[in-house]
file target_14.cif (mmCIF, C-alpha atoms)
data_run
loop_
_atom_site.label_atom_id
_atom_site.label_comp_id
_atom_site.auth_asym_id
_atom_site.auth_seq_id
_atom_site.Cartn_x
_atom_site.Cartn_y
_atom_site.Cartn_z
CA MET A 1 -130.85 322.06 83.73
CA GLU A 2 -133.53 319.35 84.08
CA LEU A 3 -130.89 316.94 85.30
CA TYR A 4 -129.78 319.47 87.89
CA ILE A 5 -133.36 319.95 89.14
CA ALA A 6 -133.87 316.18 89.28
CA PHE A 7 -130.66 315.86 91.29
CA VAL A 8 -131.72 318.58 93.74
CA VAL A 9 -135.21 317.07 94.16
CA ALA A 10 -133.72 313.60 94.66
CA SER A 11 -131.20 314.84 97.22
CA ILE A 12 -134.03 316.48 99.20
CA LEU A 13 -136.54 313.63 98.86
CA LEU A 14 -134.25 310.65 99.46
CA PRO A 15 -133.34 311.44 103.09
CA ILE A 16 -137.03 312.10 103.80
CA LEU A 17 -138.20 308.93 102.08
CA TYR A 18 -135.32 306.75 103.30
CA PRO A 19 -136.97 305.66 106.60
CA PHE A 20 -140.17 304.78 104.73
CA ILE A 21 -138.30 302.83 102.05
CA SER A 22 -136.20 301.05 104.68
CA TRP A 23 -139.31 300.26 106.75
CA ALA A 24 -141.15 298.85 103.73
CA LEU A 25 -138.14 296.80 102.55
CA GLY A 26 -137.54 295.62 106.12
CA ARG A 27 -141.13 294.46 106.53
CA TRP A 28 -140.99 292.58 103.27
CA TYR A 29 -137.60 290.97 104.03
CA GLN A 30 -138.40 290.09 107.64
CA GLY A 31 -141.78 288.73 106.54
CA ARG A 32 -139.94 286.37 104.22
CA LEU A 33 -137.56 285.30 107.00
CA MET A 34 -140.52 284.63 109.31
CA ALA A 35 -142.34 282.63 106.64
CA ALA A 36 -139.20 280.54 106.02
CA LEU A 37 -138.82 279.92 109.77
CA ASP A 38 -142.50 278.94 110.09
CA GLU A 39 -142.04 276.48 107.25
CA ASN A 40 -138.83 275.06 108.78
CA GLU A 41 -140.46 274.69 112.19
CA LYS A 42 -143.37 272.83 110.64
CA MET A 43 -141.11 270.57 108.59
CA HIS A 44 -138.32 269.85 111.07
CA GLY A 45 -139.48 271.47 114.32
CA VAL A 46 -139.94 268.28 116.30
CA VAL A 47 -136.55 266.71 115.87
CA LEU A 48 -135.97 265.29 119.29
CA SER A 49 -137.42 261.87 119.90
CA ASN A 50 -138.16 262.61 123.53
CA GLU A 51 -139.94 265.95 123.63
CA SER A 52 -140.90 265.57 127.29
CA LEU A 53 -137.24 265.99 128.16
CA LEU A 54 -136.95 269.30 126.37
CA SER A 55 -136.87 271.45 129.45
CA THR A 56 -135.38 274.40 131.26
CA SER A 57 -135.01 272.33 134.40
CA SER A 58 -131.61 271.25 135.62
CA ARG A 59 -132.98 268.77 138.16
CA ASN A 60 -133.68 265.76 136.02
CA THR A 61 -130.06 264.91 135.49
CA ASN A 62 -129.93 261.68 137.41
CA PHE A 63 -131.50 259.42 134.81
CA ALA A 64 -129.25 257.09 132.92
CA SER A 65 -127.71 258.70 129.90
CA PRO A 66 -124.59 257.33 128.28
CA SER A 67 -123.26 260.71 127.26
CA ALA A 68 -123.99 264.40 127.25
CA THR A 69 -122.70 267.41 125.40
CA LEU A 70 -122.95 271.18 125.57
CA LEU A 71 -124.93 272.75 122.73
CA HIS A 72 -124.79 276.44 121.97
CA VAL A 73 -126.09 278.70 119.24
CA SER A 74 -125.81 282.42 118.91
CA LEU A 75 -127.13 284.74 116.29
CA CYS A 76 -127.22 288.44 115.69
CA VAL A 77 -130.39 290.22 114.62
CA ALA A 78 -131.16 293.87 114.04
CA PRO A 79 -134.23 295.93 113.21
CA SER A 80 -134.12 297.93 109.99
CA THR A 81 -133.18 301.62 110.03
CA GLY A 82 -136.79 302.50 109.16
CA GLN A 83 -138.05 300.45 112.11
CA ILE A 84 -135.55 302.17 114.40
CA PHE A 85 -136.77 305.54 113.16
CA PHE A 86 -140.44 304.72 113.72
CA MET A 87 -139.63 303.21 117.10
CA TRP A 88 -137.96 306.48 118.03
CA VAL A 89 -141.14 308.33 117.02
CA LYS A 90 -143.27 305.81 118.95
CA SER A 91 -141.03 306.04 122.02
CA LEU A 92 -141.95 309.72 122.34
CA PHE A 93 -145.44 308.55 123.28
CA GLY A 94 -144.48 305.30 124.99
CA GLY A 95 -146.37 302.03 124.63
CA ARG A 96 -145.59 298.77 122.96
CA LEU A 97 -142.78 298.77 120.37
CA VAL A 98 -144.08 296.14 117.99
CA SER A 99 -141.06 296.25 115.65
CA TYR A 100 -138.67 295.19 118.41
CA ASP A 101 -141.10 292.48 119.50
CA VAL A 102 -141.05 291.01 116.03
CA VAL A 103 -137.26 291.12 115.68
CA LEU A 104 -136.62 289.59 119.11
CA ASP A 105 -139.30 286.96 118.61
CA TYR A 106 -137.74 285.99 115.30
CA GLY A 107 -134.25 285.84 116.86
CA ARG A 108 -135.33 283.60 119.74
CA ARG A 109 -137.34 281.22 117.62
CA GLU A 110 -134.53 280.93 115.08
CA ALA A 111 -131.98 280.33 117.87
CA LEU A 112 -134.12 277.57 119.41
CA TYR A 113 -134.70 276.03 116.01
CA ARG A 114 -130.94 275.98 115.31
CA LEU A 115 -130.28 274.55 118.78
CA GLN A 116 -132.63 271.67 117.99
CA GLN A 117 -130.91 271.15 114.65
CA GLN A 118 -127.54 271.07 116.41
CA ALA A 119 -128.92 268.55 118.91
CA ARG A 120 -130.02 266.35 116.04
CA GLN A 121 -126.63 266.62 114.33
CA GLN A 122 -124.92 265.55 117.56
CA GLU A 123 -127.39 262.66 117.92
CA CYS A 124 -128.97 263.99 121.11
CA THR A 125 -132.45 262.83 122.01
CA SER A 126 -133.25 265.45 124.62
CA MET A 127 -132.13 268.81 125.92
CA ILE A 128 -132.12 269.95 129.51
CA ASN A 129 -131.37 273.25 131.22
CA ILE A 130 -132.10 275.36 128.15
CA ARG A 131 -131.01 278.96 128.68
CA ILE A 132 -131.67 281.92 126.38
CA GLU A 133 -129.77 285.16 126.79
CA THR A 134 -130.05 288.49 125.04
CA SER A 135 -127.43 291.19 124.86
CA THR A 136 -126.71 294.29 122.82
CA LEU A 137 -123.70 294.14 120.60
CA SER A 138 -121.77 297.08 119.34
CA PHE A 139 -119.29 296.46 116.60
CA ALA A 140 -119.90 299.94 115.14
CA ARG A 141 -116.82 302.13 115.16
CA ASN A 142 -118.40 305.33 116.44
CA GLN A 143 -120.30 305.70 119.68
CA ASP A 144 -123.10 307.71 118.08
CA SER A 145 -123.98 304.99 115.64
CA LYS A 146 -127.71 304.39 115.56
CA THR A 147 -127.31 300.83 114.34
CA SER A 148 -127.88 298.39 117.13
CA SER A 149 -127.65 294.68 116.89
CA ILE A 150 -128.97 292.20 119.35
CA GLU A 151 -127.26 288.94 120.15
CA ILE A 152 -129.46 286.00 121.05
CA LEU A 153 -127.61 283.14 122.66
CA ALA A 154 -129.25 279.81 123.39
CA TYR A 155 -127.47 276.97 125.13
CA ALA A 156 -128.40 273.67 126.68
CA THR A 157 -127.07 270.29 127.68
CA GLY A 158 -127.92 267.69 125.08
CA LEU A 159 -128.38 264.09 126.20
CA ARG A 160 -127.80 261.05 124.04
CA SER A 161 -129.74 257.91 124.81
CA MET B 1 -99.44 278.99 116.88
CA GLN B 2 -102.89 277.39 116.97
CA ALA B 3 -103.41 275.35 120.12
CA PRO B 4 -104.47 271.76 119.53
CA ALA B 5 -108.22 271.26 119.92
CA ILE B 6 -109.12 269.64 123.22
CA ALA B 7 -112.42 267.85 123.75
CA LEU B 8 -113.61 267.60 127.34
CA HIS B 9 -116.98 266.61 128.76
CA MET B 10 -119.08 269.72 129.11
CA SER B 11 -122.54 270.53 130.39
CA ASN B 12 -124.45 273.48 131.77
CA VAL B 13 -125.99 271.46 134.61
CA GLU B 14 -124.41 270.53 137.95
CA THR B 15 -123.17 267.16 136.75
CA ILE B 16 -122.17 265.42 133.57
CA PRO B 17 -125.27 263.22 133.05
CA GLY B 18 -124.38 259.55 133.17
CA ARG B 19 -121.03 260.14 134.86
CA GLN B 20 -119.74 260.48 138.39
CA ILE B 21 -117.73 263.51 139.49
CA VAL B 22 -114.74 262.38 141.54
CA ARG B 23 -112.83 265.63 141.98
CA SER B 24 -113.44 269.34 141.56
CA PHE B 25 -110.85 271.98 140.67
CA GLY B 26 -112.99 275.11 140.91
CA LEU B 27 -113.53 277.93 138.47
CA VAL B 28 -112.07 278.00 134.97
CA THR B 29 -112.67 280.83 132.53
CA GLY B 30 -112.07 281.62 128.89
CA SER B 31 -112.59 284.89 127.10
CA THR B 32 -111.93 286.63 123.84
CA VAL B 33 -112.40 290.22 122.68
CA ARG B 34 -113.23 290.61 119.02
CA ALA B 35 -113.70 293.47 116.60
CA LYS B 36 -115.09 293.27 113.11
CA HIS B 37 -113.01 294.41 110.18
CA ILE B 38 -114.20 297.55 108.50
CA GLY B 39 -115.37 295.92 105.26
CA LYS B 40 -117.83 293.65 107.02
CA ASP B 41 -118.88 296.54 109.25
CA ILE B 42 -119.90 298.52 106.18
CA PHE B 43 -121.74 295.51 104.80
CA ALA B 44 -123.58 295.07 108.12
CA GLY B 45 -124.48 298.77 107.96
CA LEU B 46 -126.02 298.16 104.55
CA LYS B 47 -127.85 295.11 105.89
CA ASN B 48 -129.39 297.42 108.50
CA ILE B 49 -131.54 298.87 105.69
CA VAL B 50 -133.68 295.75 105.79
CA GLY B 51 -132.84 294.39 109.26
CA GLY B 52 -133.16 290.69 110.06
CA GLU B 53 -130.21 288.44 110.78
CA LEU B 54 -126.72 289.92 110.35
CA LYS B 55 -124.92 286.80 109.13
CA ALA B 56 -121.44 288.35 109.25
CA TYR B 57 -121.87 289.05 112.97
CA THR B 58 -123.46 285.66 113.66
CA GLU B 59 -120.44 284.01 112.07
CA LEU B 60 -118.07 286.17 114.09
CA LEU B 61 -119.92 285.39 117.33
CA ASN B 62 -119.88 281.64 116.77
CA GLU B 63 -116.21 281.70 115.86
CA SER B 64 -115.32 283.79 118.92
CA ARG B 65 -117.45 281.76 121.30
CA ASN B 66 -115.78 278.57 120.13
CA GLU B 67 -112.43 280.21 120.81
CA ALA B 68 -113.50 281.27 124.32
CA ILE B 69 -114.71 277.70 125.00
CA GLN B 70 -111.42 276.34 123.68
CA ARG B 71 -109.51 278.60 126.08
CA MET B 72 -111.68 277.52 128.99
CA MET B 73 -111.11 273.87 128.09
CA MET B 74 -107.37 274.51 127.83
CA ALA B 75 -107.41 276.01 131.35
CA ALA B 76 -109.31 272.97 132.63
CA HIS B 77 -106.98 270.59 130.81
CA ASN B 78 -103.94 272.30 132.33
CA LEU B 79 -105.40 271.71 135.79
CA GLY B 80 -105.75 268.01 135.01
CA ALA B 81 -109.53 268.03 134.64
CA ASN B 82 -111.42 266.06 132.02
CA GLY B 83 -114.74 267.89 132.23
CA VAL B 84 -116.34 271.28 132.84
CA VAL B 85 -119.74 271.52 134.49
CA ASN B 86 -122.15 274.41 135.00
CA VAL B 87 -120.87 276.30 131.97
CA ARG B 88 -122.25 279.85 131.64
CA PHE B 89 -121.83 282.40 128.87
CA ALA B 90 -121.71 286.19 128.98
CA THR B 91 -121.39 288.82 126.25
CA SER B 92 -120.54 292.45 126.83
CA SER B 93 -119.59 295.47 124.78
CA VAL B 94 -116.30 296.51 126.31
CA ALA B 95 -115.42 299.31 123.88
CA ALA B 96 -116.78 300.95 120.77
CA GLY B 97 -116.26 298.47 117.99
CA ALA B 98 -115.39 295.50 120.19
CA SER B 99 -117.26 292.86 122.15
CA GLU B 100 -116.07 290.46 124.78
CA LEU B 101 -117.31 286.89 124.78
CA PHE B 102 -116.73 285.20 128.09
CA CYS B 103 -117.46 281.72 129.35
CA TYR B 104 -116.85 280.10 132.69
CA GLY B 105 -117.49 276.85 134.47
CA THR B 106 -116.27 274.43 137.13
CA ALA B 107 -113.46 272.10 136.15
CA VAL B 108 -113.98 268.53 137.34
CA VAL B 109 -112.64 265.04 136.94
CA VAL B 110 -115.34 262.54 135.96
CA GLU B 111 -115.16 258.78 135.76
#

call {"tool": "encode", "arguments": {"input": "target_14.cif", "output": "structure tokens"}}
result
Amino acid sequence: MELYIAFVVASILLPILYPFISWALGRWYQGRLMAALDENEKMHGVVLSNESLLSTSSRNTNFASPSATLLHVSLCVAPSTGQIFFMWVKSLFGGRLVSYDVVLDYGRREALYRLQQQARQQECTSMINIRIETSTLSFARNQDSKTSSIEILAYATGLRS
Amino acid sequence: MQAPAIALHMSNVETIPGRQIVRSFGLVTGSTVRAKHIGKDIFAGLKNIVGGELKAYTELLNESRNEAIQRMMMAAHNLGANGVVNVRFATSSVAAGASELFCYGTAVVVE
């Protein structure tokens, strides 16, 4: 009997508490990811020897460079279900959706960091014409799926000196 | 059969820095449409509880983009080009459960 009551209470409470649990777990997990990225950026952030040539410009291509290569990095990030739920609540009133800000900011910084790492692996000393693109991906089977994932793509031309 | 990997000069600027373009062949494209298998989809659904990076999808995207690039390079190679300039990427959700990764550029011959 007690087990039955516990089961009923749990089956009522869990769906109600799920967004809160997911939000709390998401904050903790994403906080850890951010901290790791901060650390990585501090440790290996400046990897290119010529930082002045790290640019979004495509004009400065006429200087002597023995070889160049295309660098590209893409990654997929998603807010937690709890964040999506609270964003839905927030979107009823409008205003700034902080959760999405955080997720997108993390995605972009991580993509740029990985692009720099790739440049270093390919022995590039500078990157020009850096482009960052964002798109929504849907690999979910049903159209009504609430899960949304965001693809961040960063690409650039890496120059070796 | 897996096509042999081709390595051409590539850049997303108007030229290949440090090289001279001697001939242009025009637009070359490469695309691939990918869907995730259901097991990884379920795992990604679970990962949505905490959010953050979905590594299974990141892996899939990188794999697919490399394939699209390979197809573009194959098209350029078949035209007799040895480089592709002004490369651009595009991603779109073409159907529920599938995404298209597309890349395009201008095939050129460089010295």

call {"tool": "closest_residue", "arguments": {"input": "target_14.cif", "among": "A:Val89, A:Val73, A:Val103, A:Ile130", "to": "Gly31 of chain A", "atoms": "only C-alpha atoms"}}
result
A:Val103

call {"tool": "residues_around", "arguments": {"input": "target_14.cif", "residues": "segment 95-109 of chain B", "least_positions_apart": "6", "cutoff": "9 Å", "atoms": "all atoms listed in the file", "output": "PyMOL selection string"}}
result
(chain A and resi 137-143) or (chain B and resi 12+20-36+61+64-65+68-69+72-73+75-77+79-89)

call {"tool": "residues_around", "arguments": {"input": "target_14.cif", "residues": "Val77 of chain A", "least_positions_apart": "2", "cutoff": "6 Å", "atoms": "all atoms listed in the file", "output": "count of residues only"}}
result
5

call {"tool": "resolve_selection", "arguments": {"input": "target_14.cif", "expression": "the PyMOL selection byres ((chain A and resi 119) around 12)", "output": "ChimeraX atom specification"}}
result
/A:45-50,54,68-73,112-118,120-128,130,155-160

call {"tool": "atom_distance", "arguments": {"input": "target_14.cif", "atom1": "atom CA of Lys55 of chain B", "atom2": "atom CA of Gln30 of chain A"}}
result
14.0 Å

call {"tool": "atom_distance", "arguments": {"input": "target_14.cif", "atom1": "atom CA of Ala6 of chain A", "atom2": "atom CA of Ile42 of chain B"}}
result
28.2 Å

call {"tool": "atom_distance", "arguments": {"input": "target_14.cif", "atom1": "atom CA of Pro79 of chain A", "atom2": "atom CA of Ala111 of chain A"}}
result
16.4 Å
